[in-house]
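Asker: Next comes run37.txt, compact mmCIF, C-alpha atoms:
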# COMPACT_ATOMS: atom_id res chain seq x y z
CA MET A 1 0.00 0.00 0.00
CA PRO A 2 1.69 3.21 -1.14
CA GLU A 3 2.01 6.00 1.44
CA CYS A 4 3.37 9.52 1.49
CA HIS A 5 4.54 11.46 4.53
CA ARG A 6 3.03 14.69 3.12
CA GLU A 7 -0.52 13.35 2.79
CA GLN A 8 -1.86 15.25 5.78
CA ASP A 9 -0.16 18.50 4.65
CA VAL A 10 -1.93 18.23 1.30
CA ILE A 11 -5.28 17.46 2.93
CA ASN A 12 -4.93 20.35 5.38
CA ALA A 13 -4.08 22.77 2.59
CA ILE A 14 -7.17 21.76 0.63
CA VAL A 15 -9.56 21.62 3.60
CA THR A 16 -8.50 25.05 4.83
CA GLY A 17 -8.73 26.58 1.36
CA ARG A 18 -5.02 27.38 1.06
CA TRP A 19 -4.50 25.04 -1.90
CA PRO A 20 -2.88 25.67 -4.38
CA HIS A 21 -1.77 29.30 -4.20
CA HIS A 22 -1.61 30.07 -0.47
CA CYS A 23 0.08 26.96 0.83
CA ASP A 24 3.72 26.02 1.16
CA GLN A 25 4.87 26.23 -2.45
CA THR A 26 6.88 23.05 -2.21
CA LEU A 27 3.57 21.23 -1.83
CA PRO A 28 2.19 21.68 -5.41
CA ALA A 29 5.60 20.69 -6.72
CA HIS A 30 5.55 17.59 -4.55
CA VAL A 31 2.02 16.67 -5.63
CA ALA A 32 3.01 16.91 -9.28
CA GLU A 33 5.51 14.11 -8.68
CA CYS A 34 3.68 12.00 -6.10
CA SER A 35 0.94 9.62 -7.27
CA VAL A 36 -0.47 9.17 -3.76
CA CYS A 37 -0.82 12.91 -3.20
CA THR A 38 -2.26 13.42 -6.70
CA GLU A 39 -4.98 10.93 -5.83
CA ILE A 40 -5.59 12.69 -2.53
CA VAL A 41 -5.91 16.05 -4.26
CA ASP A 42 -8.50 14.53 -6.62
CA VAL A 43 -10.64 13.19 -3.79
CA ALA A 44 -10.16 16.04 -1.32
CA ALA A 45 -10.97 18.68 -3.94
CA VAL A 46 -14.27 16.92 -4.75
CA PHE A 47 -15.13 16.76 -1.06
CA ARG A 48 -14.09 20.34 -0.44
CA VAL A 49 -16.56 21.60 -3.06
CA GLU A 50 -19.29 19.30 -1.76
CA ARG A 51 -18.65 20.34 1.84
CA ASP A 52 -18.83 24.05 0.99
CA GLU A 53 -22.05 23.56 -0.94
CA LEU A 54 -23.60 21.54 1.86
CA HIS A 55 -22.58 24.21 4.37
CA ALA A 56 -24.24 26.82 2.18
CA ASP A 57 -27.38 24.70 1.73
CA ALA A 58 -27.78 23.87 5.41
CA SER A 59 -30.63 25.67 7.12
CA LEU A 60 -29.95 24.90 10.74
CA PRO A 61 -31.92 25.71 13.87
CA SER A 62 -30.32 28.32 16.08
CA ALA A 63 -28.20 27.25 19.04
CA GLY A 64 -30.90 28.67 21.34
CA GLN A 65 -33.57 26.48 19.76
CA VAL A 66 -31.45 23.35 20.08
CA TRP A 67 -30.65 24.21 23.70
CA TRP A 68 -34.30 24.88 24.48
CA ARG A 69 -35.49 21.61 22.94
CA ALA A 70 -32.79 19.70 24.78
CA ALA A 71 -33.75 21.36 28.08
CA ILE A 72 -37.43 20.52 27.63
CA ARG A 73 -36.66 16.96 26.68
CA ALA A 74 -34.31 16.50 29.64
CA LYS A 75 -37.02 17.77 31.98
CA LEU A 76 -39.62 15.50 30.41
CA GLU A 77 -37.37 12.46 30.66
CA ALA A 78 -36.62 13.30 34.28
CA SER A 79 -40.38 13.47 35.01
CA GLU A 80 -40.92 10.12 33.33
CA GLN A 81 -38.06 8.62 35.30
CA VAL A 82 -39.60 9.81 38.56
CA ALA A 83 -43.03 8.52 37.53
CA ARG A 84 -41.75 5.03 36.66
CA PRO A 85 -41.45 3.65 40.26
CA PHE A 86 -44.94 4.98 41.00
CA SER A 87 -46.27 3.03 38.04
CA TRP A 88 -44.81 -0.09 39.62
CA LEU A 89 -46.27 0.82 42.99
CA PHE A 90 -49.65 1.35 41.37
CA GLY A 91 -49.52 -2.06 39.69
CA VAL A 92 -48.40 -3.83 42.87
CA SER A 93 -51.18 -2.12 44.90
CA VAL A 94 -53.84 -3.18 42.44
CA ALA A 95 -52.53 -6.76 42.38
CA CYS A 96 -52.51 -6.89 46.21
CA VAL A 97 -56.04 -5.60 46.50
CA VAL A 98 -57.35 -8.03 43.87
CA GLY A 99 -55.49 -10.95 45.47
CA LEU A 100 -56.79 -10.18 48.93
CA ALA A 101 -60.33 -9.70 47.67
CA ILE A 102 -60.22 -13.14 46.07
CA ALA A 103 -58.83 -14.66 49.30
CA VAL A 104 -61.56 -13.05 51.40
CA VAL A 105 -64.32 -14.21 49.05
CA GLU A 106 -62.86 -17.72 49.10
CA LEU A 107 -62.79 -17.75 52.93
CA LEU A 108 -66.28 -16.37 53.34
CA TRP A 109 -67.93 -18.26 50.53
CA ALA A 110 -68.73 -21.54 52.38
CA PRO A 111 -70.32 -19.96 55.51
CA VAL A 112 -72.24 -17.43 53.41
CA GLN A 113 -73.49 -20.12 51.09
CA HIS A 114 -74.60 -22.20 54.09
CA ALA A 115 -76.38 -19.20 55.60
CA LEU A 116 -78.14 -18.51 52.31
CA THR A 117 -79.23 -22.11 51.97
CA SER A 118 -80.76 -21.97 55.45
CA ALA A 119 -82.49 -18.70 54.59
CA THR A 120 -84.09 -20.09 51.44
CA ALA A 121 -85.47 -23.00 53.50
CA VAL A 122 -87.85 -20.49 55.08
CA THR A 123 -90.93 -19.98 52.97
CA TRP A 124 -91.27 -16.41 51.99
CA THR A 125 -94.95 -15.58 52.08
CA PRO A 126 -96.85 -12.28 52.23
CA SER A 127 -97.49 -13.10 55.87
CA PHE A 128 -93.74 -13.17 56.55
CA GLY A 129 -93.41 -11.52 59.95
CA LEU A 130 -90.94 -10.57 62.63
CA GLY A 131 -91.05 -14.09 64.06
CA ASP A 132 -89.72 -15.47 60.78
CA VAL A 133 -86.82 -12.97 60.81
CA VAL A 134 -85.92 -14.08 64.33
CA ARG A 135 -85.93 -17.67 63.14
CA LEU A 136 -83.42 -16.74 60.48
CA LEU A 137 -80.88 -15.32 62.96
CA PRO A 138 -79.41 -18.62 64.14
CA SER A 139 -78.37 -19.42 60.58
CA LEU A 140 -76.23 -16.27 60.53
CA THR A 141 -74.18 -17.75 63.33
CA ASP A 142 -72.90 -20.17 60.70
CA LEU A 143 -70.48 -17.37 59.80
CA ALA A 144 -68.76 -18.03 63.11
CA PRO A 145 -66.39 -20.78 61.81
CA LEU A 146 -64.13 -18.03 60.53
CA THR A 147 -60.85 -18.84 62.21
CA SER A 148 -58.46 -16.37 63.79
CA THR A 149 -56.36 -16.59 60.54
CA GLY A 150 -59.42 -15.51 58.65
CA THR A 151 -59.80 -12.55 60.97
CA PHE A 152 -56.23 -11.48 60.24
CA VAL A 153 -56.86 -11.81 56.53
CA LEU A 154 -59.97 -9.69 56.89
CA LEU A 155 -58.04 -7.06 58.82
CA GLY A 156 -55.30 -7.12 56.17
CA ALA A 157 -57.85 -6.68 53.42
CA ALA A 158 -59.43 -3.79 55.25
CA ALA A 159 -56.04 -2.17 55.75
CA CYS A 160 -55.25 -2.60 52.06
CA LEU A 161 -58.57 -1.12 51.06
CA LEU A 162 -57.81 1.86 53.24
CA LEU A 163 -54.18 2.22 52.15
CA ALA A 164 -54.67 1.63 48.44
CA PRO A 165 -56.42 4.98 47.86
CA LEU A 166 -53.64 6.70 49.78
CA ALA A 167 -51.00 4.96 47.68
CA LEU A 168 -52.89 5.96 44.55
CA TYR A 169 -53.11 9.52 45.74
CA PHE A 170 -49.35 9.77 46.24
CA ALA A 171 -48.66 7.97 42.95
CA LEU A 172 -50.88 10.18 40.89
CA SER A 173 -50.40 13.53 42.55
CA ASP A 174 -48.03 15.98 40.85
CA GLU A 175 -45.83 16.59 43.83
CA MET P 1 -51.14 6.06 34.34
CA ARG P 2 -51.09 9.69 33.24
CA GLU P 3 -48.76 10.71 30.46
CA ALA P 4 -45.88 12.97 31.55
CA THR P 5 -46.27 16.37 29.92
CA LEU P 6 -44.92 19.76 30.82
CA THR P 7 -46.91 22.85 31.60
CA ASP P 8 -45.69 26.24 30.40
CA VAL P 9 -44.41 27.00 33.88
CA GLU P 10 -42.51 23.72 33.94
CA ARG P 11 -41.03 24.56 30.56
CA ILE P 12 -39.66 27.79 31.95
CA VAL P 13 -38.31 25.96 34.96
CA ALA P 14 -36.80 23.35 32.63
CA PHE P 15 -34.92 26.08 30.83
CA GLY P 16 -33.49 27.28 34.14
CA ASP P 17 -32.68 23.73 35.22
CA ALA P 18 -30.85 22.93 32.00
CA GLU P 19 -27.56 24.41 33.12
CA ARG P 20 -27.68 22.19 36.21
CA THR P 21 -28.62 19.12 34.15
CA PHE P 22 -26.05 19.62 31.41
CA LEU P 23 -22.34 19.93 32.08
CA MET P 24 -22.17 22.92 29.75
CA THR P 25 -23.45 26.45 30.15
CA GLU P 26 -25.75 27.86 27.52
CA ASP P 27 -23.11 30.34 26.37
CA ALA P 28 -20.49 27.63 26.03
CA PHE P 29 -22.99 25.53 24.11
CA ARG P 30 -23.78 28.39 21.74
CA ALA P 31 -20.10 28.85 20.94
CA PHE P 32 -19.61 25.13 20.44
CA TYR P 33 -22.72 24.85 18.28
CA GLU P 34 -21.67 27.71 16.02
CA LEU P 35 -18.36 25.95 15.40
CA THR P 36 -19.68 22.45 14.88
CA ALA P 37 -23.29 22.50 13.63
CA ARG P 38 -22.56 22.96 9.93
CA PRO P 39 -19.77 20.38 9.73
CA VAL P 40 -21.84 17.85 11.66
CA TRP P 41 -24.91 18.49 9.54
CA ALA P 42 -22.88 18.20 6.32
CA TYR P 43 -21.37 14.95 7.60
CA LEU P 44 -24.81 13.56 8.45
CA ALA P 45 -26.31 14.72 5.16
CA ARG P 46 -23.53 13.16 3.14
CA ILE P 47 -23.31 9.81 4.90
CA THR P 48 -27.08 9.33 5.12
CA GLY P 49 -27.77 10.93 1.75
CA ASP P 50 -30.88 12.52 3.26
CA PRO P 51 -30.87 16.17 4.38
CA ARG P 52 -34.16 15.80 6.26
CA LEU P 53 -32.85 12.88 8.21
CA ALA P 54 -29.70 14.89 8.86
CA ASP P 55 -31.86 17.62 10.47
CA ASP P 56 -33.36 15.11 12.91
CA LEU P 57 -30.10 13.40 13.68
CA LEU P 58 -28.41 16.75 14.27
CA GLN P 59 -30.84 17.64 17.05
CA GLU P 60 -30.52 14.17 18.55
CA SER P 61 -26.72 14.34 18.39
CA TYR P 62 -26.61 17.58 20.34
CA TYR P 63 -29.13 16.29 22.85
CA ARG P 64 -27.05 13.19 23.55
CA PHE P 65 -23.93 15.30 23.66
CA LEU P 66 -25.48 17.61 26.24
CA ARG P 67 -26.66 14.68 28.36
CA THR P 68 -23.23 13.08 28.47
CA GLN P 69 -21.30 13.19 31.71
CA ALA P 70 -17.94 12.75 29.95
CA ASP P 71 -14.96 15.01 30.67
CA PHE P 72 -13.27 16.41 27.61
CA GLU P 73 -9.54 17.01 27.47
CA SER P 74 -9.77 19.56 24.66
CA ASP P 75 -12.08 21.19 22.14
CA ASP P 76 -10.95 18.67 19.53
CA HIS P 77 -11.86 15.83 21.86
CA ARG P 78 -15.28 17.39 22.43
CA ARG P 79 -15.85 17.82 18.69
CA ASN P 80 -14.72 14.25 17.93
CA TYR P 81 -17.08 12.97 20.59
CA LEU P 82 -19.95 14.78 18.88
CA PHE P 83 -19.00 13.23 15.54
CA ARG P 84 -18.89 9.85 17.22
CA ILE P 85 -22.42 10.32 18.56
CA ALA P 86 -23.57 11.33 15.07
CA THR P 87 -21.90 8.27 13.55
CA ASN P 88 -23.56 5.95 16.05
CA LEU P 89 -26.95 7.52 15.41
CA VAL P 90 -26.60 6.88 11.69
CA ARG P 91 -25.59 3.27 12.42
CA ASP P 92 -28.61 2.80 14.68
CA HIS P 93 -30.87 4.33 12.07
CA ARG P 94 -29.58 1.99 9.35
CA ARG P 95 -29.98 -0.98 11.67
CA ARG P 96 -33.60 -0.08 12.31
CA LEU P 97 -34.32 0.21 8.59
CA GLY P 98 -34.62 -3.11 6.80
CA HIS P 99 -32.60 -3.76 3.67
CA ALA P 100 -35.62 -3.14 1.43
CA GLU P 101 -36.44 0.17 3.10
CA ARG P 102 -32.79 1.24 2.79
CA HIS P 103 -32.85 0.46 -0.91
CA LEU P 104 -36.06 2.48 -1.35
CA ALA P 105 -34.65 5.41 0.60
CA GLU P 106 -31.48 5.44 -1.47
CA HIS P 107 -33.45 5.14 -4.71
CA ALA P 108 -35.65 8.06 -3.67
CA GLN P 109 -32.55 10.08 -2.88
CA ALA P 110 -31.12 9.39 -6.33
CA GLU P 111 -34.38 10.59 -7.89
CA ASP P 112 -34.20 13.81 -5.88
CA ALA P 113 -30.68 14.30 -7.11
CA SER P 114 -31.83 13.67 -10.71
CA ALA P 115 -34.28 16.52 -10.37
CA ASP P 116 -31.49 18.72 -9.05
CA ALA P 117 -29.33 17.73 -12.01
CA ARG P 118 -31.52 19.73 -14.33
CA GLU P 119 -30.41 22.86 -12.53
CA GLY P 120 -27.01 22.72 -14.13
CA ASP P 121 -23.46 21.59 -14.03
CA ARG P 122 -23.08 22.12 -10.30
CA ALA P 123 -25.94 19.75 -9.64
CA VAL P 124 -24.53 17.22 -12.10
CA ARG P 125 -21.25 17.16 -10.20
CA ARG P 126 -23.08 16.73 -6.92
CA LEU P 127 -25.15 13.98 -8.43
CA ASP P 128 -22.00 12.14 -9.51
CA LEU P 129 -20.67 12.29 -5.98
CA ALA P 130 -24.03 11.38 -4.43
CA ARG P 131 -24.32 8.31 -6.66
CA ALA P 132 -20.75 7.27 -5.99
CA MET P 133 -21.22 7.70 -2.23
CA GLU P 134 -24.41 5.66 -2.32
CA GLN P 135 -22.48 2.72 -3.63
CA LEU P 136 -19.91 2.87 -0.87
CA LYS P 137 -20.34 1.15 2.47
CA PRO P 138 -21.48 3.45 5.27
CA ARG P 139 -18.13 3.12 7.00
CA GLU P 140 -16.30 4.07 3.80
CA ARG P 141 -18.46 7.18 3.45
CA SER P 142 -17.65 8.22 6.99
CA LEU P 143 -13.95 7.51 6.56
CA LEU P 144 -13.67 9.52 3.36
CA TRP P 145 -15.72 12.44 4.61
CA LEU P 146 -13.86 12.75 7.87
CA ALA P 147 -10.50 12.45 6.15
CA TYR P 148 -11.00 14.61 3.08
CA ALA P 149 -13.84 17.00 3.90
CA GLN P 150 -13.16 17.52 7.59
CA GLY P 151 -9.40 17.04 7.40
CA CYS P 152 -9.36 14.82 10.49
CA SER P 153 -6.14 13.05 11.35
CA HIS P 154 -5.99 9.26 11.46
CA GLU P 155 -6.09 9.36 15.28
CA GLU P 156 -9.24 11.48 15.19
CA ILE P 157 -10.95 9.25 12.62
CA ALA P 158 -10.11 6.17 14.68
CA GLU P 159 -11.62 7.86 17.74
CA VAL P 160 -14.80 8.90 15.93
CA LEU P 161 -15.42 5.60 14.17
CA GLY P 162 -14.17 3.35 16.94
CA LEU P 163 -11.55 1.75 14.70
CA ARG P 164 -7.94 0.76 15.37
CA LYS P 165 -5.50 3.26 13.99
CA ALA P 166 -3.38 0.45 12.54
CA SER P 167 -6.19 -0.69 10.23
CA LEU P 168 -7.25 2.79 9.25
CA LYS P 169 -4.68 3.49 6.55
CA ALA P 170 -5.62 0.36 4.61
CA LEU P 171 -9.34 1.05 4.95
CA LEU P 172 -8.91 4.63 3.84
CA PHE P 173 -6.74 3.60 0.91
CA ARG P 174 -9.32 1.07 -0.30
CA ALA P 175 -12.21 3.50 0.16
CA ARG P 176 -10.37 6.18 -1.78
CA LYS P 177 -9.64 3.78 -4.64
CA ARG P 178 -13.28 2.69 -4.75
CA LEU P 179 -14.54 6.25 -4.80
CA LEU P 180 -12.18 7.26 -7.57
CA GLY P 181 -13.25 4.22 -9.54
CA LEU P 182 -16.91 5.11 -9.08
CA LEU P 183 -16.45 8.77 -9.89
CA GLY P 184 -14.42 8.04 -13.00
CA THR P 185 -12.02 10.45 -14.60
CA THR P 186 -14.70 12.73 -16.11
CA ALA P 187 -16.06 13.86 -12.80
CA ILE P 188 -12.56 14.36 -11.40
CA GLN P 189 -11.50 16.43 -14.41
CA GLY P 190 -14.64 18.51 -13.96
CA LYS P 191 -13.72 19.19 -10.34
CA ARG P 192 -10.16 20.18 -11.22
CA ARG P 193 -11.36 22.92 -13.58
Represent the structure contained in this file as structure tokens.

Answerer:
Amino acid sequence: MPECHREQDVINAIVTGRWPHHCDQTLPAHVAECSVCTEIVDVAAVFRVERDELHADASLPSAGQVWWRAAIRAKLEASEQVARPFSWLFGVSVACVVGLAIAVVELLWAPVQHALTSATAVTWTPSFGLGDVVRLLPSLTDLAPLTSTGTFVLLGAAACLLLAPLALYFALSDE
Amino acid sequence: MREATLTDVERIVAFGDAERTFLMTEDAFRAFYELTARPVWAYLARITGDPRLADDLLQESYYRFLRTQADFESDDHRRNYLFRIATNLVRDHRRRLGHAERHLAEHAQAEDASADAREGDRAVRRLDLARAMEQLKPRERSLLWLAYAQGCSHEEIAEVLGLRKASLKALLFRARKRLLGLLGTTAIQGKRR
């Protein structure tokens, strides 16, 4: 691969617009005898013209506009970054509440179903009176089999139902 | 979840915050932009072959540059870093485009240039170069532009393109030969006049 130690001098002269009359005058003489530098002059001259025309054609936004857009975008990205953990929190809260609701329904379902079955055993007639209501009350005691674990689950669910709106408030508020 | 948007007040605050977010002051940025915007835009326009795309990539390049936390040893280092960002953005863009889309985009660009060609000799010369550049690999375009339009040294080109300096001379030599072959002697003679 042929090389020439004056390649960069030739390129610099062309790129800076000093070629051929305002550069070191040994350079044109060298180029006339050096095939590598002749080739470089051919390519660099083409690019020089193209570069100047592109520079003239370019209609660029002002530095202030670019700075402004960058500032806005940085602020927006920062806001999104802050909002991201809250999105996670929101999702986790919803999942917890749904999970607990299902657990509570599962726990209560058997006693409630039993109570309802007992209630439907009573014939509901227009003459249904206070005495019939009193007769129904014992069946409600079927809800009693709820264990102490069940009570804790119920308390947990209640706490979640109370805390979830608070979590949502902090997640969705602007501050 | 609500979409993050900025109010007018927040926009004003954002402008004030920018100097704390970016490692550069606005005045320093203005000076840097005035020095580098045209060369970077010309580089983007020439290696993508699409001035509109160059507009978008220019804004993105400066944004990424402003967001960087890098320390720069000199102005040249800072400028080379910006060119490196621009180069990577073009690479990413090409990667996103499929081969077929790339072909269409390049074909469309050649048609635009054909229309320009009617404007005269200047446009014909530009068309010759545009067509020749289209046929080069993206890396060859970058190499040639940085070397012969920007006048970057081999060290600087290696830094911008992420290449080893040892392999650069051979790559540049081959790219130059290819370009000259594609341009042919007519176009070169035209440029010499």

Asker: Output as a Markdown table one row per residue of chain A within 9 Å of chain P: the closest atom pair and its distance in Å to one decimal place, counting all atoms listed in the file, sorted by chain and residue number ascending.

Answerer:
| residue | atom | partner | partner_atom | distance |
| --- | --- | --- | --- | --- |
| A:Met1 | CA | P:Ala170 | CA | 7.3 |
| A:Pro2 | CA | P:Phe173 | CA | 8.7 |
| A:Glu3 | CA | P:Lys169 | CA | 8.8 |
| A:Gln8 | CA | P:Ser153 | CA | 7.4 |
| A:Ile11 | CA | P:Gly151 | CA | 6.1 |
| A:Asn12 | CA | P:Gly151 | CA | 5.9 |
| A:Ile14 | CA | P:Tyr148 | CA | 8.5 |
| A:Val15 | CA | P:Gly151 | CA | 6.0 |
| A:Thr16 | CA | P:Gly151 | CA | 8.5 |
| A:Glu39 | CA | P:Arg176 | CA | 8.2 |
| A:Ile40 | CA | P:Tyr148 | CA | 8.0 |
| A:Asp42 | CA | P:Ile188 | CA | 6.3 |
| A:Val43 | CA | P:Tyr148 | CA | 7.0 |
| A:Ala44 | CA | P:Tyr148 | CA | 4.7 |
| A:Ala45 | CA | P:Lys191 | CA | 7.0 |
| A:Val46 | CA | P:Lys191 | CA | 6.1 |
| A:Phe47 | CA | P:Ala149 | CA | 5.1 |
| A:Arg48 | CA | P:Ala149 | CA | 5.5 |
| A:Val49 | CA | P:Lys191 | CA | 8.2 |
| A:Glu50 | CA | P:Arg126 | CA | 6.9 |
| A:Arg51 | CA | P:Ala149 | CA | 6.2 |
| A:Asp52 | CA | P:Ala42 | CA | 8.9 |
| A:Leu54 | CA | P:Ala42 | CA | 5.6 |
| A:His55 | CA | P:Arg38 | CA | 5.7 |
| A:Ala56 | CA | P:Arg38 | CA | 8.8 |
| A:Ala58 | CA | P:Arg38 | CA | 7.0 |
| A:Ser59 | CA | P:Asp55 | CA | 8.8 |
| A:Leu60 | CA | P:Asp55 | CA | 7.5 |
| A:Pro61 | CA | P:Gln59 | CA | 8.7 |
| A:Ser62 | CA | P:Tyr33 | CA | 8.6 |
| A:Ala63 | CA | P:Arg30 | CA | 5.3 |
| A:Gly64 | CA | P:Arg30 | CA | 7.1 |
| A:Val66 | CA | P:Gln59 | CA | 6.5 |
| A:Trp67 | CA | P:Glu26 | CA | 7.2 |
| A:Trp68 | CA | P:Phe15 | CA | 6.5 |
| A:Arg69 | CA | P:Tyr63 | CA | 8.3 |
| A:Ala70 | CA | P:Tyr63 | CA | 5.4 |
| A:Ala71 | CA | P:Ala18 | CA | 5.1 |
| A:Ile72 | CA | P:Ala14 | CA | 5.8 |
| A:Arg73 | CA | P:Tyr63 | CA | 8.5 |
| A:Ala74 | CA | P:Ala18 | CA | 7.7 |
| A:Lys75 | CA | P:Ala14 | CA | 5.6 |
| A:Leu76 | CA | P:Thr5 | CA | 6.7 |
| A:Glu77 | CA | P:Ala4 | CA | 8.6 |
| A:Ser79 | CA | P:Ala4 | CA | 6.5 |
| A:Glu80 | CA | P:Ala4 | CA | 6.0 |
| A:Ala83 | CA | P:Ala4 | CA | 8.0 |
| A:Ser87 | CA | P:Met1 | CA | 6.8 |
| A:Phe90 | CA | P:Met1 | CA | 8.6 |
| A:Leu172 | CA | P:Arg2 | CA | 7.7 |

Asker: Residues at most 10 Å from Ala103 (chain A), counting only C-alpha atoms, excluding those fewer than 6 positions away in the same chain, as number ranges by chain?

Answerer: A: 97, 109, 150, 153-154, 157

Asker: Considering all atoms listed in the file, return as JSON, numbers by chain whatever protein or nucleic-acid residues lie within 12 Å of Arg91 (chain P), sequence-local ones (same chain, fewer than 4 positions apart) excluded.

Answerer: {"P": [44, 47, 48, 57, 84, 85, 86, 87, 95, 96, 97, 137, 138, 139, 142, 161]}

Asker: What does the structure give for the distance between CA of Gly99 (chain A) and CA of Arg84 (chain A), in Å to one decimal?

Answerer: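 Rounded to one decimal, the two atoms are 22.8 Å apart.
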
Asker: Please, what distance in Å, to one decimal, runs between CA of Ser93 (chain A) and CA of Ala164 (chain A)?

Answerer: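 These atoms are spaced 6.2 Å apart.
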